[in-house]
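Colleague: The file below is input_26.cif, mmCIF, C-alpha atoms:
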data_final
loop_
_atom_site.group_PDB
_atom_site.id
_atom_site.type_symbol
_atom_site.label_atom_id
_atom_site.label_comp_id
_atom_site.auth_asym_id
_atom_site.auth_seq_id
_atom_site.Cartn_x
_atom_site.Cartn_y
_atom_site.Cartn_z
ATOM 1 C CA PHE A 21 -3.828 87.198 -25.275
ATOM 2 C CA GLY A 22 -3.248 89.622 -28.104
ATOM 3 C CA SER A 23 -1.506 88.693 -31.350
ATOM 4 C CA SER A 24 1.746 90.470 -32.049
ATOM 5 C CA ASP A 25 1.716 89.730 -35.792
ATOM 6 C CA LYS A 26 -0.274 87.913 -38.471
ATOM 7 C CA ASP A 27 0.984 84.379 -37.625
ATOM 8 C CA SER A 28 -0.725 84.313 -34.161
ATOM 9 C CA ARG A 29 2.447 84.863 -32.144
ATOM 10 C CA SER A 30 2.087 86.381 -28.680
ATOM 11 C CA GLU A 31 4.169 87.089 -25.617
ATOM 12 C CA SER A 32 4.857 84.051 -23.475
ATOM 13 C CA CYS A 33 3.506 83.807 -19.952
ATOM 14 C CA PHE A 34 6.967 82.793 -18.650
ATOM 15 C CA PHE A 35 9.675 84.407 -20.681
ATOM 16 C CA GLY A 36 8.250 87.561 -22.191
ATOM 17 C CA LYS A 37 9.480 86.463 -25.631
ATOM 18 C CA THR A 38 7.477 85.825 -28.726
ATOM 19 C CA THR A 39 6.130 82.279 -29.094
ATOM 20 C CA SER A 40 3.132 80.482 -30.605
ATOM 21 C CA ALA A 41 -0.292 80.929 -29.029
ATOM 22 C CA PRO A 42 -0.840 77.192 -28.235
ATOM 23 C CA LEU A 43 2.544 76.982 -26.504
ATOM 24 C CA MET A 44 1.800 80.152 -24.577
ATOM 25 C CA VAL A 45 -1.564 78.800 -23.400
ATOM 26 C CA ARG A 46 0.083 75.547 -22.224
ATOM 27 C CA SER A 47 2.775 77.564 -20.409
ATOM 28 C CA CYS A 48 0.202 79.731 -18.660
ATOM 29 C CA ILE A 49 -1.867 76.703 -17.624
ATOM 30 C CA ALA A 50 1.261 75.051 -16.226
ATOM 31 C CA LEU A 51 2.094 78.219 -14.290
ATOM 32 C CA VAL A 52 -1.395 78.475 -12.802
ATOM 33 C CA ALA A 53 -1.366 74.772 -11.864
ATOM 34 C CA ALA A 54 2.051 75.081 -10.208
ATOM 35 C CA VAL A 55 1.092 78.177 -8.222
ATOM 36 C CA GLY A 56 -2.234 76.636 -7.162
ATOM 37 C CA SER A 57 -0.573 73.396 -6.093
ATOM 38 C CA SER A 58 2.059 75.292 -4.113
ATOM 39 C CA PHE A 59 -0.603 77.413 -2.429
ATOM 40 C CA LEU A 60 -2.686 74.395 -1.423
ATOM 41 C CA SER A 61 0.295 72.492 -0.066
ATOM 42 C CA GLN A 62 1.125 75.450 2.196
ATOM 43 C CA ALA A 63 -2.432 75.789 3.554
ATOM 44 C CA PRO A 64 -2.725 75.216 7.309
ATOM 45 C CA GLN A 65 -4.053 71.884 8.470
ATOM 46 C CA THR A 66 -7.735 71.997 9.345
ATOM 47 C CA ASN A 67 -8.500 71.493 13.002
ATOM 48 C CA ALA A 68 -11.804 71.514 14.851
ATOM 49 C CA THR A 69 -11.741 75.300 15.319
ATOM 50 C CA ASN A 70 -11.031 75.990 11.654
ATOM 51 C CA ALA A 71 -13.718 73.497 10.635
ATOM 52 C CA THR A 72 -16.230 75.348 12.811
ATOM 53 C CA GLU A 73 -15.218 78.692 11.306
ATOM 54 C CA ILE A 74 -15.507 77.279 7.790
ATOM 55 C CA SER A 75 -18.872 75.737 8.634
ATOM 56 C CA ASN A 76 -20.159 79.025 10.089
ATOM 57 C CA ALA A 77 -18.926 80.969 7.066
ATOM 58 C CA THR A 78 -20.716 78.533 4.750
ATOM 59 C CA VAL A 79 -23.961 78.796 6.707
ATOM 60 C CA ALA A 80 -23.746 82.599 6.678
ATOM 61 C CA THR A 81 -23.464 82.679 2.908
ATOM 62 C CA VAL A 82 -26.363 80.230 2.506
ATOM 63 C CA GLY A 83 -28.610 82.385 4.671
ATOM 64 C CA LEU A 84 -30.115 82.407 8.118
ATOM 65 C CA PRO A 85 -33.813 81.658 8.548
ATOM 66 C CA ARG A 86 -36.173 84.577 8.925
ATOM 67 C CA THR A 87 -36.799 83.526 12.539
ATOM 68 C CA GLU A 88 -33.405 85.056 13.409
ATOM 69 C CA LYS A 89 -34.249 88.650 14.377
ATOM 70 C CA VAL A 90 -32.781 91.496 16.398
ATOM 71 C CA TYR A 91 -34.732 94.434 17.760
ATOM 72 C CA ILE A 92 -33.476 97.570 19.475
ATOM 73 C CA ASP A 93 -36.141 99.618 21.215
ATOM 74 C CA ASP A 94 -38.813 97.476 19.490
ATOM 75 C CA VAL A 95 -37.468 98.358 16.021
ATOM 76 C CA LEU A 96 -36.408 95.448 13.797
ATOM 77 C CA ILE A 97 -32.756 96.031 12.846
ATOM 78 C CA PHE A 98 -31.847 92.538 11.592
ATOM 79 C CA GLU A 99 -33.751 89.657 10.048
ATOM 80 C CA GLY A 100 -32.201 86.463 8.718
ATOM 81 C CA GLY A 101 -32.319 85.946 4.987
ATOM 82 C CA SER A 102 -32.647 89.533 3.822
ATOM 83 C CA MET A 103 -30.046 91.272 5.967
ATOM 84 C CA GLN A 104 -27.061 88.900 5.832
ATOM 85 C CA ASN A 105 -24.688 91.759 4.999
ATOM 86 C CA ASP A 106 -25.346 93.292 8.431
ATOM 87 C CA LEU A 107 -23.627 90.420 10.259
ATOM 88 C CA ASN A 108 -20.254 91.076 11.904
ATOM 89 C CA LYS A 109 -20.386 94.845 11.438
ATOM 90 C CA CYS A 110 -19.844 97.191 14.318
ATOM 91 C CA ARG A 111 -22.733 99.617 14.806
ATOM 92 C CA GLN A 112 -23.379 102.364 17.326
ATOM 93 C CA PHE A 113 -26.457 102.729 19.469
ATOM 94 C CA THR A 114 -28.210 106.018 18.749
ATOM 95 C CA GLU A 115 -27.960 108.634 21.475
ATOM 96 C CA LYS A 116 -31.727 108.442 22.042
ATOM 97 C CA SER A 117 -31.761 104.649 22.300
ATOM 98 C CA LYS A 118 -33.132 103.173 25.514
ATOM 99 C CA ARG A 119 -30.830 100.166 24.896
ATOM 100 C CA GLU A 120 -33.687 97.655 25.035
ATOM 101 C CA VAL A 121 -32.354 94.722 22.998
ATOM 102 C CA LYS A 122 -34.300 91.625 21.925
ATOM 103 C CA VAL A 123 -32.684 88.753 19.996
ATOM 104 C CA CYS A 124 -34.910 86.010 18.575
ATOM 105 C CA GLY A 125 -33.818 82.653 17.192
ATOM 106 C CA ASN A 126 -31.093 80.246 18.182
ATOM 107 C CA GLY A 127 -28.384 81.029 15.632
ATOM 108 C CA ILE A 128 -27.402 84.657 16.256
ATOM 109 C CA LYS A 129 -26.366 86.894 19.107
ATOM 110 C CA LEU A 130 -25.799 90.589 19.674
ATOM 111 C CA THR A 131 -22.643 91.550 21.540
ATOM 112 C CA ALA A 132 -22.866 95.004 23.113
ATOM 113 C CA HIS A 133 -19.754 96.957 24.097
ATOM 114 C CA LEU A 134 -19.259 99.808 26.535
ATOM 115 C CA PHE A 135 -17.004 101.651 24.067
ATOM 116 C CA TYR A 136 -17.334 102.655 20.420
ATOM 117 C CA LYS A 137 -15.809 100.470 17.687
ATOM 118 C CA CYS A 138 -16.968 97.244 19.377
ATOM 119 C CA GLU A 139 -13.824 96.872 21.382
ATOM 120 C CA GLY A 140 -12.969 96.746 25.009
ATOM 121 C CA LYS A 141 -10.173 98.464 26.821
ATOM 122 C CA THR A 142 -7.859 96.777 29.266
ATOM 123 C CA GLY A 143 -9.725 96.227 32.498
ATOM 124 C CA TYR A 144 -13.161 96.673 30.882
ATOM 125 C CA GLU A 145 -13.614 93.167 29.423
ATOM 126 C CA LYS A 146 -16.440 92.539 31.884
ATOM 127 C CA HIS A 147 -18.387 95.353 30.197
ATOM 128 C CA LYS A 148 -19.314 93.228 27.191
ATOM 129 C CA VAL A 149 -22.776 91.684 27.041
ATOM 130 C CA ASP A 150 -23.963 88.874 24.761
ATOM 131 C CA VAL A 151 -27.695 88.745 24.101
ATOM 132 C CA GLY A 152 -29.064 85.645 22.366
ATOM 133 C CA SER A 153 -29.324 81.983 23.246
ATOM 134 C CA CYS A 154 -27.024 80.345 20.649
ATOM 135 C CA ASP A 155 -28.642 77.109 21.821
ATOM 136 C CA THR A 156 -29.941 74.970 18.972
ATOM 137 C CA GLY A 157 -31.869 72.945 21.556
ATOM 138 C CA LYS A 158 -34.179 75.915 22.090
ATOM 139 C CA ASP A 159 -37.113 76.701 19.837
ATOM 140 C CA SER A 160 -36.210 78.844 16.809
ATOM 141 C CA GLY A 161 -38.827 81.373 17.936
ATOM 142 C CA HIS A 162 -37.175 81.777 21.355
ATOM 143 C CA CYS A 163 -36.291 85.399 22.244
ATOM 144 C CA GLU A 164 -33.956 86.867 24.841
ATOM 145 C CA THR A 165 -34.040 90.460 26.032
ATOM 146 C CA TYR A 166 -31.567 92.716 27.769
ATOM 147 C CA SER A 167 -31.840 96.314 28.937
ATOM 148 C CA PRO A 168 -30.681 98.681 31.666
ATOM 149 C CA ALA A 169 -33.201 96.874 33.870
ATOM 150 C CA ASN A 170 -30.771 93.905 33.801
ATOM 151 C CA ARG A 171 -27.687 96.067 34.391
ATOM 152 C CA SER A 172 -27.965 99.807 34.952
ATOM 153 C CA THR A 173 -24.654 100.555 33.186
ATOM 154 C CA PHE A 174 -26.063 99.035 29.980
ATOM 155 C CA ALA A 175 -27.626 102.454 29.317
ATOM 156 C CA GLU A 176 -24.080 103.737 28.703
ATOM 157 C CA TYR A 177 -23.061 101.047 26.171
ATOM 158 C CA ARG A 178 -22.103 102.592 22.845
ATOM 159 C CA SER A 179 -21.660 99.893 20.192
ATOM 160 C CA TYR A 180 -22.858 96.431 19.177
ATOM 161 C CA LYS A 181 -22.214 93.689 16.670
ATOM 162 C CA ILE A 182 -24.626 90.997 15.438
ATOM 163 C CA GLN A 183 -22.899 87.653 14.941
ATOM 164 C CA GLN A 184 -23.807 84.177 13.907
ATOM 165 C CA CYS A 185 -23.315 81.592 16.669
#
Do you think you could lay out the structure here as structure tokens?
Modeller:
Amino acid sequence: FGSSDKDSRSESCFFGKTTSAPLMVRSCIALVAAVGSSFLSQAPQTNATNATEISNATVATVGLPRTEKVYIDDVLIFEGGSMQNDLNKCRQFTEKSKREVKVCGNGIKLTAHLFYKCEGKTGYEKHKVDVGSCDTGKDSGHCETYSPANRSTFAEYRSYKIQQC
């Protein structure tokens, strides 16, 4: 809020005309309150699915325990706590990768895709593989592995995404 002259007059939030600073502040607060109230009243009703998504988003920002780990070809590529920014990002397997995937913990999974960009094409939905237990009943140190030994075509998979369960 800049002053337009020596008697503390500024442009109004609503009308673009010159008015006193206290009146302008009250007008701006009223505008923000009205817009915020309107926005909240138009928000979709929360259902069980939305609540789960909100809950998962909250957990992701708080941090996963360090027991949540992902390895590709015995190289650690994700660890809970320090690598939160790597969740939900599509990555490509390297050309030299043997596609030996190990996911440890019970709160994350790796979804591998036959095509680049972590997407399937019509008719190829069956060529998506989830690795990871996502079972909170299992020990947090539990690991699951997947490789071309499980499915020979897995050697041709091109992309993957690490997601929170």
Colleague: Please report the interatomic distance between CA of Ser167 in chain A and CA of Thr87 in chain A in Å with one decimal.
Modeller: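 Atom-to-atom, CA of Ser167 in chain A and CA of Thr87 in chain A are spaced 21.4 Å apart.
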Colleague: I'd like the residues picked by the PyMOL selection byres ((chain A and resi 121) around 8) written out as a PyMOL selection string, using the chain letters and numbers from the file.
Modeller: chain A and resi 90-94+119-120+122-123+151+165-167
Colleague: Using Å and a single decimal, report how far CA of Lys146 in chain A sits from CA of Ile182 in chain A.
Modeller: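 Separation of CA of Ile182 in chain A and CA of Lys146 in chain A: 18.4 Å.
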Colleague: Given the file shown, determine the residues that the PyMOL selection byres ((chain A and resi 133) around 6) selects; report them as a VMD selection string.
Modeller: chain A and resid 132 134 to 135 138 148 177 179 to 180
Colleague: So which one's closest to Arg111 in chain A, A:Lys158, A:Arg86, A:Lys137, A:His147? Using all atoms listed in the file, please.
Modeller: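 Among the listed residues, the smallest separation from Arg111 in chain A belongs to A:Lys137.
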Colleague: Using all atoms listed in the file for the distances, tell me which of A:Thr131, A:Glu99, A:Glu145, A:Gly152 is nearest to Gln112 in chain A.
Modeller: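 Comparing A:Thr131, A:Glu99, A:Glu145, A:Gly152 against Gln112 in chain A, the winner is A:Thr131.
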Colleague: Could the centre and edge lengths of an axis-aligned box, enclosing all atoms of range 106-115 of chain A in the file with 5 Å extra on each side, be given in Å to one decimal as AutoDock Vina command-line options?
Modeller:
--center_x -24.0 --center_y 99.5 --center_z 15.0 --size_x 18.4 --size_y 28.2 --size_z 23.0
Colleague: CA of Leu130 in chain A and CA of Gly101 in chain A, how far apart in Å?
Modeller: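 Rounded to one decimal, the two atoms are 16.7 Å apart.
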Colleague: Which residue gives the smallest distance to Lys89 in chain A among A:Gln184, A:Thr114, A:Thr156, A:Asn170, with only C-alpha atoms counted?
Modeller: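 When distances to Lys89 in chain A are compared using only C-alpha atoms, the smallest one comes from A:Gln184.
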